[in-house]
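Have a look at protein-v3.pdb; it's PDB, C-alpha atoms:
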ATOM      1  CA  PRO A   1      25.588 -24.036 -19.375
ATOM      2  CA  GLU A   2      23.390 -21.081 -18.519
ATOM      3  CA  ILE A   3      20.075 -22.058 -16.947
ATOM      4  CA  SER A   4      16.930 -20.216 -15.993
ATOM      5  CA  LEU A   5      16.004 -19.760 -12.353
ATOM      6  CA  SER A   6      13.203 -22.330 -12.294
ATOM      7  CA  SER A   7      14.425 -24.651 -15.023
ATOM      8  CA  VAL A   8      12.894 -28.137 -14.918
ATOM      9  CA  ASP A   9      16.238 -29.420 -16.218
ATOM     10  CA  LEU A  10      17.858 -28.748 -12.859
ATOM     11  CA  PRO A  11      18.198 -31.620 -10.378
ATOM     12  CA  ALA A  12      16.615 -29.205  -7.876
ATOM     13  CA  PRO A  13      15.204 -25.797  -8.830
ATOM     14  CA  LEU A  14      15.889 -22.557  -7.006
ATOM     15  CA  GLY A  15      16.597 -23.148  -3.319
ATOM     16  CA  ARG A  16      15.499 -26.797  -3.198
ATOM     17  CA  THR A  17      18.921 -28.474  -3.139
ATOM     18  CA  PRO A  18      18.770 -29.324   0.623
ATOM     19  CA  HIS A  19      15.468 -31.205   0.168
ATOM     20  CA  PRO A  20      14.675 -34.594  -1.385
ATOM     21  CA  SER A  21      13.599 -34.189  -4.998
ATOM     22  CA  SER A  22       9.876 -33.589  -5.379
ATOM     23  CA  ALA A  23       7.478 -33.049  -8.251
ATOM     24  CA  ARG A  24       6.463 -29.802  -6.496
ATOM     25  CA  ASP A  25       9.952 -28.305  -6.414
ATOM     26  CA  ARG A  26       9.389 -26.108  -9.450
ATOM     27  CA  ASP A  27       6.074 -24.823  -8.087
ATOM     28  CA  ILE A  28       7.698 -24.072  -4.730
ATOM     29  CA  ALA A  29      10.468 -22.142  -6.480
ATOM     30  CA  LEU A  30       7.938 -20.173  -8.529
ATOM     31  CA  ASP A  31       5.867 -19.408  -5.412
ATOM     32  CA  ALA A  32       9.008 -18.093  -3.695
ATOM     33  CA  LEU A  33       9.796 -15.849  -6.659
ATOM     34  CA  ASP A  34       6.217 -14.573  -6.626
ATOM     35  CA  ALA A  35       6.447 -13.782  -2.895
ATOM     36  CA  VAL A  36       9.321 -11.351  -3.521
ATOM     37  CA  GLY A  37       7.747  -9.829  -6.629
ATOM     38  CA  ALA A  38      10.125 -11.589  -9.000
ATOM     39  CA  SER A  39       7.910 -14.122 -10.788
ATOM     40  CA  HIS A  40       8.597 -12.323 -14.080
ATOM     41  CA  LEU A  41      12.249 -13.331 -13.739
ATOM     42  CA  ALA A  42      11.581 -17.069 -13.632
ATOM     43  CA  GLU A  43      12.776 -17.764 -17.171
ATOM     44  CA  ARG A  44      15.576 -15.212 -17.175
ATOM     45  CA  LEU A  45      19.221 -16.262 -16.972
ATOM     46  CA  LEU A  46      21.033 -15.297 -13.798
ATOM     47  CA  PRO A  47      23.799 -13.329 -15.613
ATOM     48  CA  GLN A  48      21.064 -11.176 -17.180
ATOM     49  CA  LEU A  49      19.744  -9.905 -13.839
ATOM     50  CA  SER A  50      20.522  -6.525 -12.303
ATOM     51  CA  GLY A  51      21.931  -6.208  -8.796
ATOM     52  CA  GLY A  52      18.498  -5.508  -7.314
ATOM     53  CA  GLU A  53      16.919  -8.418  -9.189
ATOM     54  CA  ARG A  54      19.613 -10.749  -7.898
ATOM     55  CA  GLN A  55      18.914  -9.552  -4.355
ATOM     56  CA  ARG A  56      15.247 -10.518  -4.665
ATOM     57  CA  VAL A  57      16.126 -13.862  -6.239
ATOM     58  CA  ALA A  58      18.516 -14.604  -3.360
ATOM     59  CA  LEU A  59      15.695 -13.922  -0.897
ATOM     60  CA  ALA A  60      13.366 -16.160  -2.898
ATOM     61  CA  ARG A  61      15.986 -18.919  -2.685
ATOM     62  CA  ALA A  62      15.963 -18.618   1.108
ATOM     63  CA  PHE A  63      12.147 -18.825   1.182
ATOM     64  CA  ALA A  64      12.219 -21.911  -1.060
ATOM     65  CA  GLN A  65      14.736 -23.553   1.267
ATOM     66  CA  LEU A  66      12.450 -22.993   4.275
ATOM     67  CA  HIS A  67       9.361 -24.349   2.536
ATOM     68  CA  GLY A  68       8.170 -27.468   4.294
ATOM     69  CA  VAL A  69      10.345 -26.936   7.362
ATOM     70  CA  GLN A  70       8.378 -27.740  10.499
ATOM     71  CA  GLY A  71       8.188 -24.976  13.070
ATOM     72  CA  PRO A  72       9.710 -21.504  12.897
ATOM     73  CA  GLY A  73      12.622 -20.984  10.547
ATOM     74  CA  LEU A  74      15.753 -18.848  10.786
ATOM     75  CA  LEU A  75      16.690 -16.431   8.010
ATOM     76  CA  LEU A  76      20.260 -15.082   7.991
ATOM     77  CA  LEU A  77      20.421 -12.230   5.485
ATOM     78  CA  ASP A  78      23.381 -10.052   4.510
ATOM     79  CA  GLU A  79      22.262  -6.651   3.178
ATOM     80  CA  PRO A  80      19.019  -7.918   1.573
ATOM     81  CA  THR A  81      18.006  -4.345   0.661
ATOM     82  CA  ALA A  82      21.272  -3.399  -1.056
ATOM     83  CA  ALA A  83      20.750  -2.218  -4.655
ATOM     84  CA  LEU A  84      16.980  -2.026  -4.111
ATOM     85  CA  ASP A  85      14.954   1.122  -4.691
ATOM     86  CA  LEU A  86      12.664   2.498  -1.999
ATOM     87  CA  GLN A  87       9.617   0.543  -3.146
ATOM     88  CA  HIS A  88      11.419  -2.795  -3.137
ATOM     89  CA  GLN A  89      13.182  -2.062   0.148
ATOM     90  CA  GLU A  90       9.833  -1.594   1.816
ATOM     91  CA  SER A  91       8.342  -4.616   0.046
ATOM     92  CA  VAL A  92      11.173  -6.917   1.164
ATOM     93  CA  LEU A  93      11.214  -5.711   4.760
ATOM     94  CA  SER A  94       7.408  -5.856   5.004
ATOM     95  CA  LEU A  95       7.536  -9.445   3.777
ATOM     96  CA  LEU A  96      10.170 -10.352   6.371
ATOM     97  CA  ARG A  97       8.131  -8.614   9.085
ATOM     98  CA  ARG A  98       5.092 -10.716   8.157
ATOM     99  CA  ARG A  99       7.130 -13.918   8.334
ATOM    100  CA  CYS A 100       8.142 -12.981  11.865
ATOM    101  CA  ASP A 101       4.598 -12.109  12.914
ATOM    102  CA  GLU A 102       2.680 -14.881  11.143
ATOM    103  CA  ARG A 103       5.116 -17.811  10.986
ATOM    104  CA  GLY A 104       7.266 -17.066  13.998
ATOM    105  CA  ASP A 105      10.431 -17.042  11.881
ATOM    106  CA  ALA A 106      13.506 -15.374  13.310
ATOM    107  CA  VAL A 107      15.223 -12.953  10.919
ATOM    108  CA  LEU A 108      18.813 -11.826  11.478
ATOM    109  CA  ILE A 109      19.802  -9.087   9.031
ATOM    110  CA  ILE A 110      23.095  -7.298   8.497
ATOM    111  CA  LEU A 111      22.313  -3.704   7.507
ATOM    112  CA  HIS A 112      24.494  -0.653   7.051
ATOM    113  CA  ASP A 113      21.484   1.630   6.644
ATOM    114  CA  LEU A 114      20.810   2.491  10.274
ATOM    115  CA  ASN A 115      17.548   4.284   9.522
ATOM    116  CA  LEU A 116      16.187   1.140   7.881
ATOM    117  CA  ALA A 117      17.319  -0.892  10.879
ATOM    118  CA  GLY A 118      15.743   1.626  13.227
ATOM    119  CA  ALA A 119      12.451   1.529  11.347
ATOM    120  CA  TRP A 120      12.038  -2.254  11.173
ATOM    121  CA  ALA A 121      14.157  -4.115  13.734
ATOM    122  CA  ASP A 122      12.957  -5.342  17.118
ATOM    123  CA  ARG A 123      16.534  -5.383  18.385
ATOM    124  CA  ALA A 124      19.748  -3.883  17.090
ATOM    125  CA  LEU A 125      23.188  -5.379  17.623
ATOM    126  CA  LEU A 126      25.719  -2.611  17.069
ATOM    127  CA  MET A 127      29.252  -3.924  16.624
ATOM    128  CA  MET A 128      32.714  -2.502  16.011
ATOM    129  CA  GLU A 129      35.807  -4.588  15.296
ATOM    130  CA  GLY A 130      34.153  -7.704  16.678
ATOM    131  CA  GLN A 131      33.020  -6.036  19.891
ATOM    132  CA  THR A 132      29.394  -5.539  20.870
ATOM    133  CA  LEU A 133      28.626  -1.892  21.580
ATOM    134  CA  ALA A 134      24.877  -2.330  22.044
ATOM    135  CA  ASP A 135      22.301  -5.116  22.012
ATOM    136  CA  ALA A 136      18.950  -3.465  22.580
ATOM    137  CA  PRO A 137      15.900  -2.024  20.832
ATOM    138  CA  PRO A 138      17.001   0.499  18.171
ATOM    139  CA  GLU A 139      15.800   3.488  20.186
ATOM    140  CA  GLU A 140      18.248   2.456  22.942
ATOM    141  CA  ALA A 141      21.083   1.229  20.729
ATOM    142  CA  PHE A 142      21.258   4.154  18.308
ATOM    143  CA  THR A 143      22.444   6.881  20.651
ATOM    144  CA  PRO A 144      24.698   9.690  19.388
ATOM    145  CA  ALA A 145      27.520   8.501  21.663
ATOM    146  CA  LEU A 146      27.424   4.910  20.405
ATOM    147  CA  ILE A 147      27.063   5.930  16.758
ATOM    148  CA  HIS A 148      30.061   8.240  17.092
ATOM    149  CA  ARG A 149      32.070   5.482  18.701
ATOM    150  CA  ALA A 150      31.165   2.982  15.972
ATOM    151  CA  TYR A 151      31.371   5.235  12.914
ATOM    152  CA  GLY A 152      33.252   8.363  13.997
ATOM    153  CA  VAL A 153      30.310  10.497  12.848
ATOM    154  CA  THR A 154      28.376  13.001  14.929
ATOM    155  CA  VAL A 155      24.621  12.504  14.632
ATOM    156  CA  ARG A 156      21.409  13.654  16.178
ATOM    157  CA  THR A 157      18.799  11.037  17.000
ATOM    158  CA  LEU A 158      15.302  12.235  16.145
ATOM    159  CA  ARG A 159      11.973  10.435  16.530
ATOM    160  CA  HIS A 160       9.506   9.646  13.815
ATOM    161  CA  PRO A 161       6.283  11.496  14.743
ATOM    162  CA  ASP A 162       4.057   8.499  14.015
ATOM    163  CA  THR A 163       6.099   5.463  15.044
ATOM    164  CA  GLY A 164       8.507   6.932  17.599
ATOM    165  CA  ARG A 165      11.281   5.030  15.837
ATOM    166  CA  PRO A 166      14.763   6.604  15.763
ATOM    167  CA  LEU A 167      15.910   8.691  12.797
ATOM    168  CA  LEU A 168      19.611   9.495  12.527
ATOM    169  CA  VAL A 169      20.711  12.742  10.900
ATOM    170  CA  THR A 170      24.357  13.776  10.682
ATOM    171  CA  ALA A 171      25.327  16.999  12.387
ATOM    172  CA  ARG A 172      26.692  18.409   9.134
ATOM    173  CA  ALA A 173      23.345  17.888   7.424
ATOM    174  CA  LEU A 174      21.656  19.816  10.217
ATOM    175  CA  ARG A 175      23.932  22.823   9.727
ATOM    176  CA  LEU A 176      22.109  23.895   6.591
ATOM    177  CA  VAL A 177      21.389  27.605   6.609
ATOM    178  CA  ASP A 178      19.563  29.076   3.609
ATOM    179  CA  GLY A 179      20.955  26.365   1.397
ATOM    180  CA  ARG A 180      24.566  27.304   2.131
ATOM    181  CA  GLU A 181      27.227  26.157   4.571
ATOM    182  CA  GLY A 182      30.380  28.102   5.376
ATOM    183  CA  GLY A 183      29.760  30.509   2.481
ATOM    184  CA  LYS A 184      30.076  27.719  -0.109
ATOM    185  CA  PRO A 185      27.247  26.531  -2.378
ATOM    186  CA  LEU A 186      25.662  23.396  -1.024
ATOM    187  CA  PHE A 187      24.347  20.906  -3.552
ATOM    188  CA  LEU A 188      21.318  18.931  -2.450
ATOM    189  CA  TRP A 189      20.096  15.638  -3.855
ATOM    190  CA  VAL A 190      16.337  15.611  -3.350
ATOM    191  CA  HIS A 191      14.679  12.220  -3.161
ATOM    192  CA  TYR A 192      10.907  12.277  -3.310
ATOM    193  CA  PHE A 193       9.621   9.593  -0.985
ATOM    194  CA  ASP A 194       6.308   8.370   0.332
ATOM    195  CA  ALA A 195       5.596  10.554   3.348
ATOM    196  CA  HIS A 196       3.821   7.623   4.992
ATOM    197  CA  SER A 197       6.901   5.431   4.825
ATOM    198  CA  PRO A 198       7.960   4.276   8.323
ATOM    199  CA  TYR A 199      11.444   5.683   7.735
ATOM    200  CA  ALA A 200      10.493   8.987   6.100
ATOM    201  CA  PRO A 201      11.804  11.938   8.142
ATOM    202  CA  PRO A 202       9.337  14.113  10.035
ATOM    203  CA  PRO A 203       8.075  17.064   7.948
ATOM    204  CA  GLU A 204       9.784  19.598  10.206
ATOM    205  CA  VAL A 205      13.101  17.822   9.631
ATOM    206  CA  ALA A 206      12.635  17.404   5.884
ATOM    207  CA  GLN A 207      11.792  21.087   5.577
ATOM    208  CA  ARG A 208      15.220  22.034   6.910
ATOM    209  CA  PHE A 209      16.804  20.399   3.844
ATOM    210  CA  VAL A 210      14.855  22.518   1.352
ATOM    211  CA  PRO A 211      16.339  25.920   0.449
ATOM    212  CA  PRO A 212      13.902  28.810   1.072
ATOM    213  CA  ASN A 213      13.554  29.547  -2.651
ATOM    214  CA  VAL A 214      12.266  26.009  -3.372
ATOM    215  CA  LYS A 215       8.515  25.517  -3.089
TER
END
Using structure tokens, write down the structure that the file contains.
Amino acid sequence: PEISLSSVDLPAPLGRTPHPSSARDRDIALDALDAVGASHLAERLLPQLSGGERQRVALARAFAQLHGVQGPGLLLLDEPTAALDLQHQESVLSLLRRRCDERGDAVLIILHDLNLAGAWADRALLMMEGQTLADAPPEEAFTPALIHRAYGVTVRTLRHPDTGRPLLVTARALRLVDGREGGKPLFLWVHYFDAHSPYAPPPEVAQRFVPPNVK
């Protein structure tokens, strides 16, 4: 049968299966949903959720599992920002950052968005075919040589003007000249972002992606 995320009919609500049954289990599950901005989903059925909503519910499940654990916890997360828009990406990563700083939790995240990793991670483990290419702070791990070796893509590593964090831009993207490349029309997808975001590109870089006739 289909059940809601915090249903009292469950033997153990969201994320509480590893723990002995408690009268507070439902409240703990609801608190975890609230922490990830998903309390409004508590009575929704799992098949009804979008990809992004399921991502936040999965994170809430992990928080509910750690509730009551003595000492720092360990969160192992696989692409927790996948299918999330910019606002929810920042919300989730800010929440994980606070858990590290305030609770001492260790957070190990698999990310394919290297600019997100560069903006938030303390250390980056860059791997290719099971081999470690780099295990260092992002500004040391995300070098053009290592990125090319891992992904076969030529990039330039820039620095955010406020944080000093690395920003990766592909060489092809930097070859924009008057909105055209090689004499062919170049179509741009413009995403309006919060300029204060820790992974927003520097203004001088963003400006290079705007054709001269666009104000």
Exercise. Using all atoms listed in the file, which of A:Asp101, A:Trp120, A:Arg156, A:Pro166 sits nearest Glu140 in chain A?
Worked result: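 Result for the nearest residue to Glu140 in chain A: A:Pro166.
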Exercise. Taking only C-alpha atoms into account, which of A:Leu111, A:Val36, A:Ala60, A:Leu30 comes nearest Gln87 in chain A?
Worked result: A:Val36
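Coordinates place CA of Leu76 in chain A at a distance of 25.1 Å from CA of His40 in chain A.
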For this session: Measuring atom to atom with all atoms listed in the file, identify which of A:Ala134, A:Leu75, A:Leu95, A:Ala124 is nearest to Val107 in chain A.
Result: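 Among A:Ala134, A:Leu75, A:Leu95, A:Ala124, it is A:Leu75 that comes nearest to Val107 in chain A.
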Exercise. Near range 148-153 of chain A, within 12 Å and counting only C-alpha atoms, which residues show up once chain neighbours fewer than 2 positions away are dropped, as a VMD selection string?
Worked result: chain A and resid 112 114 125 to 134 141 to 146 155 to 157 168 to 173
For this session: For CA of Leu108 in chain A and CA of Leu74 in chain A, determine how far apart the two atoms are, in Å to one decimal place.
Result: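 Pair CA of Leu108 in chain A / CA of Leu74 in chain A returns 7.7 Å.
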Problem set entry | Hits from the PyMOL selection byres ((chain A and resi 82) around 12), listed as a ChimeraX atom specification | /A:50-56,58-59,77-81,83-86,88-90,92-93,109-113,116
Any chance you could build range 38-52 of chain A out to N, CA, C and O atoms and write it as an mmCIF file, in the coordinates of the input?
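Saved result, part.cif, follows:
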data_model
loop_
_atom_site.group_PDB
_atom_site.id
_atom_site.type_symbol
_atom_site.label_atom_id
_atom_site.label_comp_id
_atom_site.auth_asym_id
_atom_site.auth_seq_id
_atom_site.Cartn_x
_atom_site.Cartn_y
_atom_site.Cartn_z
ATOM 1 N N ALA A 38 9.156 -11.298 -7.943
ATOM 2 C CA ALA A 38 10.125 -11.589 -9.000
ATOM 3 C C ALA A 38 9.682 -12.726 -9.904
ATOM 4 O O ALA A 38 10.515 -13.349 -10.561
ATOM 5 N N SER A 39 8.385 -13.001 -9.963
ATOM 6 C CA SER A 39 7.910 -14.122 -10.788
ATOM 7 C C SER A 39 8.223 -13.897 -12.270
ATOM 8 O O SER A 39 8.406 -14.856 -13.024
ATOM 9 N N HIS A 40 8.311 -12.618 -12.679
ATOM 10 C CA HIS A 40 8.597 -12.323 -14.080
ATOM 11 C C HIS A 40 10.038 -12.659 -14.463
ATOM 12 O O HIS A 40 10.397 -12.641 -15.644
ATOM 13 N N LEU A 41 10.853 -12.999 -13.473
ATOM 14 C CA LEU A 41 12.249 -13.331 -13.739
ATOM 15 C C LEU A 41 12.481 -14.830 -13.871
ATOM 16 O O LEU A 41 13.613 -15.254 -14.101
ATOM 17 N N ALA A 42 11.424 -15.615 -13.749
ATOM 18 C CA ALA A 42 11.581 -17.069 -13.632
ATOM 19 C C ALA A 42 12.323 -17.683 -14.806
ATOM 20 O O ALA A 42 13.081 -18.643 -14.629
ATOM 21 N N GLU A 43 12.128 -17.167 -16.004
ATOM 22 C CA GLU A 43 12.776 -17.764 -17.171
ATOM 23 C C GLU A 43 13.984 -16.958 -17.646
ATOM 24 O O GLU A 43 14.523 -17.229 -18.708
ATOM 25 N N ARG A 44 14.391 -15.988 -16.827
ATOM 26 C CA ARG A 44 15.576 -15.212 -17.175
ATOM 27 C C ARG A 44 16.828 -15.946 -16.715
ATOM 28 O O ARG A 44 16.805 -16.717 -15.749
ATOM 29 N N LEU A 45 17.944 -15.681 -17.375
ATOM 30 C CA LEU A 45 19.221 -16.262 -16.972
ATOM 31 C C LEU A 45 19.854 -15.392 -15.894
ATOM 32 O O LEU A 45 19.775 -14.159 -15.946
ATOM 33 N N LEU A 46 20.465 -16.030 -14.924
ATOM 34 C CA LEU A 46 21.033 -15.297 -13.798
ATOM 35 C C LEU A 46 21.993 -14.191 -14.225
ATOM 36 O O LEU A 46 21.951 -13.083 -13.676
ATOM 37 N N PRO A 47 22.887 -14.415 -15.211
ATOM 38 C CA PRO A 47 23.799 -13.329 -15.613
ATOM 39 C C PRO A 47 23.076 -12.122 -16.204
ATOM 40 O O PRO A 47 23.680 -11.053 -16.325
ATOM 41 N N GLN A 48 21.817 -12.274 -16.585
ATOM 42 C CA GLN A 48 21.064 -11.176 -17.180
ATOM 43 C C GLN A 48 20.419 -10.261 -16.142
ATOM 44 O O GLN A 48 19.880 -9.211 -16.489
ATOM 45 N N LEU A 49 20.463 -10.651 -14.869
ATOM 46 C CA LEU A 49 19.744 -9.905 -13.839
ATOM 47 C C LEU A 49 20.567 -8.738 -13.317
ATOM 48 O O LEU A 49 21.794 -8.810 -13.224
ATOM 49 N N SER A 50 19.866 -7.666 -12.940
ATOM 50 C CA SER A 50 20.522 -6.525 -12.303
ATOM 51 C C SER A 50 20.855 -6.869 -10.856
ATOM 52 O O SER A 50 20.434 -7.914 -10.330
ATOM 53 N N GLY A 51 21.580 -5.971 -10.192
ATOM 54 C CA GLY A 51 21.931 -6.208 -8.796
ATOM 55 C C GLY A 51 20.702 -6.337 -7.913
ATOM 56 O O GLY A 51 20.624 -7.223 -7.054
ATOM 57 N N GLY A 52 19.716 -5.450 -8.106
ATOM 58 C CA GLY A 52 18.498 -5.508 -7.314
ATOM 59 C C GLY A 52 17.686 -6.761 -7.581
ATOM 60 O O GLY A 52 17.109 -7.344 -6.659
#
